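Okay, so here's the structure we're looking at.
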Amino acid sequence: MASRPELILASASPRRLALLNQIGIQPEHLVPAHVDETPEKGELPRKLAGRLADLKALTAQHKARVAGFGSEALVLAADTVVAVGRRILPKAEIMEEASDCLRLLSGRAHRVYTGVTLLTPSGAKRQRIVETRIRFKRLSTREMEAYLASAEWRDKAGGYAIQGIAGSFVVKLVGSYSAVVGLPLNETTQLLAGEGYPVHFNWLNQSSLSGV
């Protein structure tokens, strides 16, 4: 696998790294890309998810090259946006934001948009935007208070993490579960494979690694 391209993950998210590891992919470099995530005036949720994924990928690519590495690497970035209709929910930083999100999501449907962008060393871009529809059960005051006390909502889009306690709130999900967690695995493998990344290499060696 001498020709195997390096991969940069433009994120410090342990969730996105764990999802890549789940499908046998270990990025050579983690380059967090901190960008302004404020929506532009009138910007729709889908467009925001795509724009931020692009911006994160470009930022990480630039940071890596300034630091002297990654000139021949693929750069993978993603961003997740939670919305009710056209209303974009914040990435909850304080309890009041999380509480507002929970009250809004309780007993109703919402959409999660996850944009994933792959940049090639030449600067070419490939992108997918995945839409997932979710419905929450009606939350009791006790459930809301307990969830807020857990602090699991902190720094989460829409004020919740589906892979944690909030998974018990979901009564219906149509789309990609992994996209809601932070990275759509089907679309990600398609993007990587399309640029020659050997996504199946570790799958072929899985039996020997597991002792089967």
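Residue numbering restarts at 1 in every chain; chains get A, B, ... in the order shown in the structure tokens, and ligands count up from 1 in that same order.
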Selection near range 10-25 of chain A, 10 Å with only C-alpha atoms, sequence-local residues under 2 positions removed, as an NGL selection string
:A and (7-8 or 27-34 or 53 or 56-61 or 63-64 or 75-79 or 117-118 or 163 or 178-179 or 181-186 or 188-189 or 197-206)
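Within 9 Å of range 169-172 of chain A there are Ser106, Ala109, Arg133, Ile134, Arg135, Phe136, Lys137, Arg138, Leu139 and Ile162 of chain A, counting only C-alpha atoms and ignoring same-chain residues fewer than 6 positions away.
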Just write the chosen residues, N, CA, C and O atoms, as a PDB file, in the first residue's frame.
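Ended up saving to selection-v3.pdb:
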```pdb
ATOM      1  N   SER A 106     -39.450  18.817  21.657  1.00  0.00           N
ATOM      2  CA  SER A 106     -40.341  17.892  22.354  1.00  0.00           C
ATOM      3  C   SER A 106     -41.629  17.637  21.570  1.00  0.00           C
ATOM      4  O   SER A 106     -42.356  18.563  21.217  1.00  0.00           O
ATOM      5  N   ALA A 109     -41.288  16.794  14.991  1.00  0.00           N
ATOM      6  CA  ALA A 109     -40.249  16.352  14.061  1.00  0.00           C
ATOM      7  C   ALA A 109     -39.262  17.481  13.785  1.00  0.00           C
ATOM      8  O   ALA A 109     -39.611  18.668  13.851  1.00  0.00           O
ATOM      9  N   ARG A 133     -34.447  12.799   9.050  1.00  0.00           N
ATOM     10  CA  ARG A 133     -35.642  13.292   9.749  1.00  0.00           C
ATOM     11  C   ARG A 133     -35.823  12.523  11.050  1.00  0.00           C
ATOM     12  O   ARG A 133     -35.752  11.295  11.068  1.00  0.00           O
ATOM     13  N   ILE A 134     -36.068  13.252  12.120  1.00  0.00           N
ATOM     14  CA  ILE A 134     -36.192  12.659  13.450  1.00  0.00           C
ATOM     15  C   ILE A 134     -37.415  13.221  14.153  1.00  0.00           C
ATOM     16  O   ILE A 134     -37.734  14.408  14.012  1.00  0.00           O
ATOM     17  N   ARG A 135     -38.083  12.364  14.889  1.00  0.00           N
ATOM     18  CA  ARG A 135     -39.182  12.827  15.737  1.00  0.00           C
ATOM     19  C   ARG A 135     -38.873  12.436  17.177  1.00  0.00           C
ATOM     20  O   ARG A 135     -38.535  11.285  17.461  1.00  0.00           O
ATOM     21  N   PHE A 136     -39.016  13.407  18.073  1.00  0.00           N
ATOM     22  CA  PHE A 136     -38.880  13.172  19.512  1.00  0.00           C
ATOM     23  C   PHE A 136     -40.248  12.876  20.131  1.00  0.00           C
ATOM     24  O   PHE A 136     -41.277  13.375  19.652  1.00  0.00           O
ATOM     25  N   LYS A 137     -40.253  12.080  21.163  1.00  0.00           N
ATOM     26  CA  LYS A 137     -41.468  11.923  21.960  1.00  0.00           C
ATOM     27  C   LYS A 137     -41.727  13.211  22.731  1.00  0.00           C
ATOM     28  O   LYS A 137     -40.850  14.094  22.806  1.00  0.00           O
ATOM     29  N   ARG A 138     -42.891  13.328  23.302  1.00  0.00           N
ATOM     30  CA  ARG A 138     -43.163  14.496  24.138  1.00  0.00           C
ATOM     31  C   ARG A 138     -42.442  14.310  25.468  1.00  0.00           C
ATOM     32  O   ARG A 138     -42.647  13.314  26.168  1.00  0.00           O
ATOM     33  N   LEU A 139     -41.578  15.240  25.772  1.00  0.00           N
ATOM     34  CA  LEU A 139     -40.747  15.132  26.967  1.00  0.00           C
ATOM     35  C   LEU A 139     -41.445  15.726  28.179  1.00  0.00           C
ATOM     36  O   LEU A 139     -42.007  16.821  28.115  1.00  0.00           O
ATOM     37  N   ILE A 162     -27.568  12.148  20.066  1.00  0.00           N
ATOM     38  CA  ILE A 162     -28.410  10.982  19.830  1.00  0.00           C
ATOM     39  C   ILE A 162     -27.740   9.688  20.280  1.00  0.00           C
ATOM     40  O   ILE A 162     -28.411   8.710  20.618  1.00  0.00           O
TER      41      ILE A 162
END
```
Run DSSP on the backbone and give me the residues of range 106-162 of chain A it puts in strand (DSSP E or B), as a ChimeraX atom specification.
/A:109-119,125-136,157
Please, which residues in range 75-131 of chain A fall within 12 Å of range 144-152 of chain A when counting only C-alpha atoms, and what is the closest atom pair and distance in Å to one decimal for each, ordered by chain then residue number, as a tab-separated table?
```
residue	atom	partner	partner_atom	distance
A:Ala92	CA	A:Glu152	CA	10.2
A:Glu93	CA	A:Ala151	CA	10.0
A:Ile94	CA	A:Ala151	CA	9.5
A:Met95	CA	A:Leu148	CA	6.8
A:Glu96	CA	A:Leu148	CA	9.3
A:Glu97	CA	A:Leu148	CA	10.3
A:Ala98	CA	A:Leu148	CA	7.2
A:Ser99	CA	A:Leu148	CA	7.1
A:Asp100	CA	A:Met144	CA	10.3
A:Cys101	CA	A:Met144	CA	10.3
A:Leu102	CA	A:Met144	CA	7.0
A:Arg103	CA	A:Met144	CA	8.2
A:Leu104	CA	A:Met144	CA	11.5
A:Leu105	CA	A:Met144	CA	11.0
A:Ser106	CA	A:Met144	CA	9.2
```
Resulting file, chosen residues, all heavy atoms, as an mmCIF file, in the first residue's frame:
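Full text of part18.cif as output:
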```cif
data_model
loop_
_atom_site.group_PDB
_atom_site.id
_atom_site.type_symbol
_atom_site.label_atom_id
_atom_site.label_comp_id
_atom_site.auth_asym_id
_atom_site.auth_seq_id
_atom_site.Cartn_x
_atom_site.Cartn_y
_atom_site.Cartn_z
ATOM 1 N N ALA A 92 -25.546 24.163 21.524
ATOM 2 C CA ALA A 92 -25.800 24.642 22.890
ATOM 3 C C ALA A 92 -24.518 24.786 23.705
ATOM 4 O O ALA A 92 -23.757 23.837 23.844
ATOM 5 C CB ALA A 92 -26.765 23.696 23.595
ATOM 6 N N GLU A 93 -24.313 25.975 24.229
ATOM 7 C CA GLU A 93 -23.147 26.245 25.074
ATOM 8 C C GLU A 93 -23.551 26.473 26.533
ATOM 9 O O GLU A 93 -22.761 26.230 27.439
ATOM 10 C CB GLU A 93 -22.397 27.477 24.560
ATOM 11 C CG GLU A 93 -21.919 27.358 23.119
ATOM 12 C CD GLU A 93 -20.771 26.376 22.952
ATOM 13 O OE1 GLU A 93 -20.200 25.958 23.978
ATOM 14 O OE2 GLU A 93 -20.462 26.024 21.801
ATOM 15 N N ILE A 94 -24.766 26.967 26.722
ATOM 16 C CA ILE A 94 -25.252 27.226 28.075
ATOM 17 C C ILE A 94 -26.583 26.509 28.262
ATOM 18 O O ILE A 94 -27.264 26.172 27.287
ATOM 19 C CB ILE A 94 -25.414 28.736 28.344
ATOM 20 C CG1 ILE A 94 -26.415 29.353 27.361
ATOM 21 C CG2 ILE A 94 -24.068 29.445 28.280
ATOM 22 C CD1 ILE A 94 -26.717 30.817 27.655
ATOM 23 N N MET A 95 -26.956 26.272 29.525
ATOM 24 C CA MET A 95 -28.142 25.485 29.815
ATOM 25 C C MET A 95 -29.407 26.107 29.245
ATOM 26 O O MET A 95 -30.314 25.385 28.804
ATOM 27 C CB MET A 95 -28.286 25.269 31.325
ATOM 28 C CG MET A 95 -29.379 24.282 31.695
ATOM 29 S SD MET A 95 -29.448 23.897 33.462
ATOM 30 C CE MET A 95 -27.903 22.983 33.672
ATOM 31 N N GLU A 96 -29.490 27.428 29.227
ATOM 32 C CA GLU A 96 -30.685 28.082 28.698
ATOM 33 C C GLU A 96 -30.892 27.737 27.222
ATOM 34 O O GLU A 96 -32.017 27.496 26.789
ATOM 35 C CB GLU A 96 -30.584 29.589 28.880
ATOM 36 C CG GLU A 96 -31.833 30.334 28.407
ATOM 37 C CD GLU A 96 -31.746 31.827 28.651
ATOM 38 O OE1 GLU A 96 -30.718 32.285 29.188
ATOM 39 O OE2 GLU A 96 -32.697 32.542 28.291
ATOM 40 N N GLU A 97 -29.793 27.690 26.443
ATOM 41 C CA GLU A 97 -29.900 27.321 25.030
ATOM 42 C C GLU A 97 -30.377 25.880 24.887
ATOM 43 O O GLU A 97 -31.241 25.581 24.052
ATOM 44 C CB GLU A 97 -28.540 27.481 24.347
ATOM 45 C CG GLU A 97 -28.110 28.918 24.135
ATOM 46 C CD GLU A 97 -26.755 29.028 23.488
ATOM 47 O OE1 GLU A 97 -25.903 28.159 23.731
ATOM 48 O OE2 GLU A 97 -26.537 29.995 22.731
ATOM 49 N N ALA A 98 -29.809 24.991 25.689
ATOM 50 C CA ALA A 98 -30.197 23.585 25.630
ATOM 51 C C ALA A 98 -31.659 23.406 26.019
ATOM 52 O O ALA A 98 -32.391 22.634 25.408
ATOM 53 C CB ALA A 98 -29.298 22.756 26.538
ATOM 54 N N SER A 99 -32.089 24.135 27.039
ATOM 55 C CA SER A 99 -33.473 24.054 27.485
ATOM 56 C C SER A 99 -34.430 24.523 26.398
ATOM 57 O O SER A 99 -35.468 23.898 26.144
ATOM 58 C CB SER A 99 -33.652 24.899 28.752
ATOM 59 O OG SER A 99 -34.993 24.884 29.185
ATOM 60 N N ASP A 100 -34.089 25.620 25.720
ATOM 61 C CA ASP A 100 -34.924 26.131 24.631
ATOM 62 C C ASP A 100 -35.029 25.095 23.512
ATOM 63 O O ASP A 100 -36.106 24.895 22.929
ATOM 64 C CB ASP A 100 -34.340 27.429 24.086
ATOM 65 C CG ASP A 100 -34.504 28.598 25.047
ATOM 66 O OD1 ASP A 100 -35.313 28.484 25.985
ATOM 67 O OD2 ASP A 100 -33.816 29.619 24.851
ATOM 68 N N CYS A 101 -33.905 24.440 23.204
ATOM 69 C CA CYS A 101 -33.899 23.422 22.150
ATOM 70 C C CYS A 101 -34.807 22.253 22.525
ATOM 71 O O CYS A 101 -35.606 21.783 21.703
ATOM 72 C CB CYS A 101 -32.480 22.924 21.901
ATOM 73 S SG CYS A 101 -31.393 24.084 21.042
ATOM 74 N N LEU A 102 -34.681 21.767 23.747
ATOM 75 C CA LEU A 102 -35.492 20.628 24.169
ATOM 76 C C LEU A 102 -36.978 20.933 24.118
ATOM 77 O O LEU A 102 -37.787 20.104 23.672
ATOM 78 C CB LEU A 102 -35.095 20.204 25.587
ATOM 79 C CG LEU A 102 -33.776 19.441 25.763
ATOM 80 C CD1 LEU A 102 -33.567 19.098 27.220
ATOM 81 C CD2 LEU A 102 -33.740 18.180 24.902
ATOM 82 N N ARG A 103 -37.356 22.115 24.564
ATOM 83 C CA ARG A 103 -38.769 22.488 24.529
ATOM 84 C C ARG A 103 -39.285 22.562 23.096
ATOM 85 O O ARG A 103 -40.419 22.181 22.816
ATOM 86 C CB ARG A 103 -38.980 23.825 25.250
ATOM 87 C CG ARG A 103 -38.888 23.718 26.769
ATOM 88 C CD ARG A 103 -39.514 24.935 27.429
ATOM 89 N NE ARG A 103 -38.803 26.166 27.092
ATOM 90 C CZ ARG A 103 -37.780 26.658 27.791
ATOM 91 N NH1 ARG A 103 -37.377 26.018 28.879
ATOM 92 N NH2 ARG A 103 -37.195 27.773 27.420
ATOM 93 N N LEU A 104 -38.453 23.041 22.200
ATOM 94 C CA LEU A 104 -38.852 23.157 20.807
ATOM 95 C C LEU A 104 -38.956 21.782 20.139
ATOM 96 O O LEU A 104 -39.865 21.530 19.335
ATOM 97 C CB LEU A 104 -37.840 24.018 20.042
ATOM 98 C CG LEU A 104 -38.156 24.311 18.575
ATOM 99 C CD1 LEU A 104 -39.456 25.099 18.447
ATOM 100 C CD2 LEU A 104 -37.011 25.080 17.926
ATOM 101 N N LEU A 105 -38.051 20.866 20.482
ATOM 102 C CA LEU A 105 -38.011 19.547 19.848
ATOM 103 C C LEU A 105 -39.015 18.566 20.439
ATOM 104 O O LEU A 105 -39.391 17.587 19.787
ATOM 105 C CB LEU A 105 -36.598 18.959 19.971
ATOM 106 C CG LEU A 105 -35.477 19.724 19.263
ATOM 107 C CD1 LEU A 105 -34.129 19.104 19.588
ATOM 108 C CD2 LEU A 105 -35.699 19.748 17.756
ATOM 109 N N SER A 106 -39.450 18.817 21.657
ATOM 110 C CA SER A 106 -40.341 17.892 22.354
ATOM 111 C C SER A 106 -41.629 17.637 21.570
ATOM 112 O O SER A 106 -42.356 18.563 21.217
ATOM 113 C CB SER A 106 -40.681 18.448 23.738
ATOM 114 O OG SER A 106 -41.611 17.614 24.403
#
```
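Coordinates place CA of Ser140 in chain A at a distance of 26.5 Å from CA of Tyr113 in chain A.
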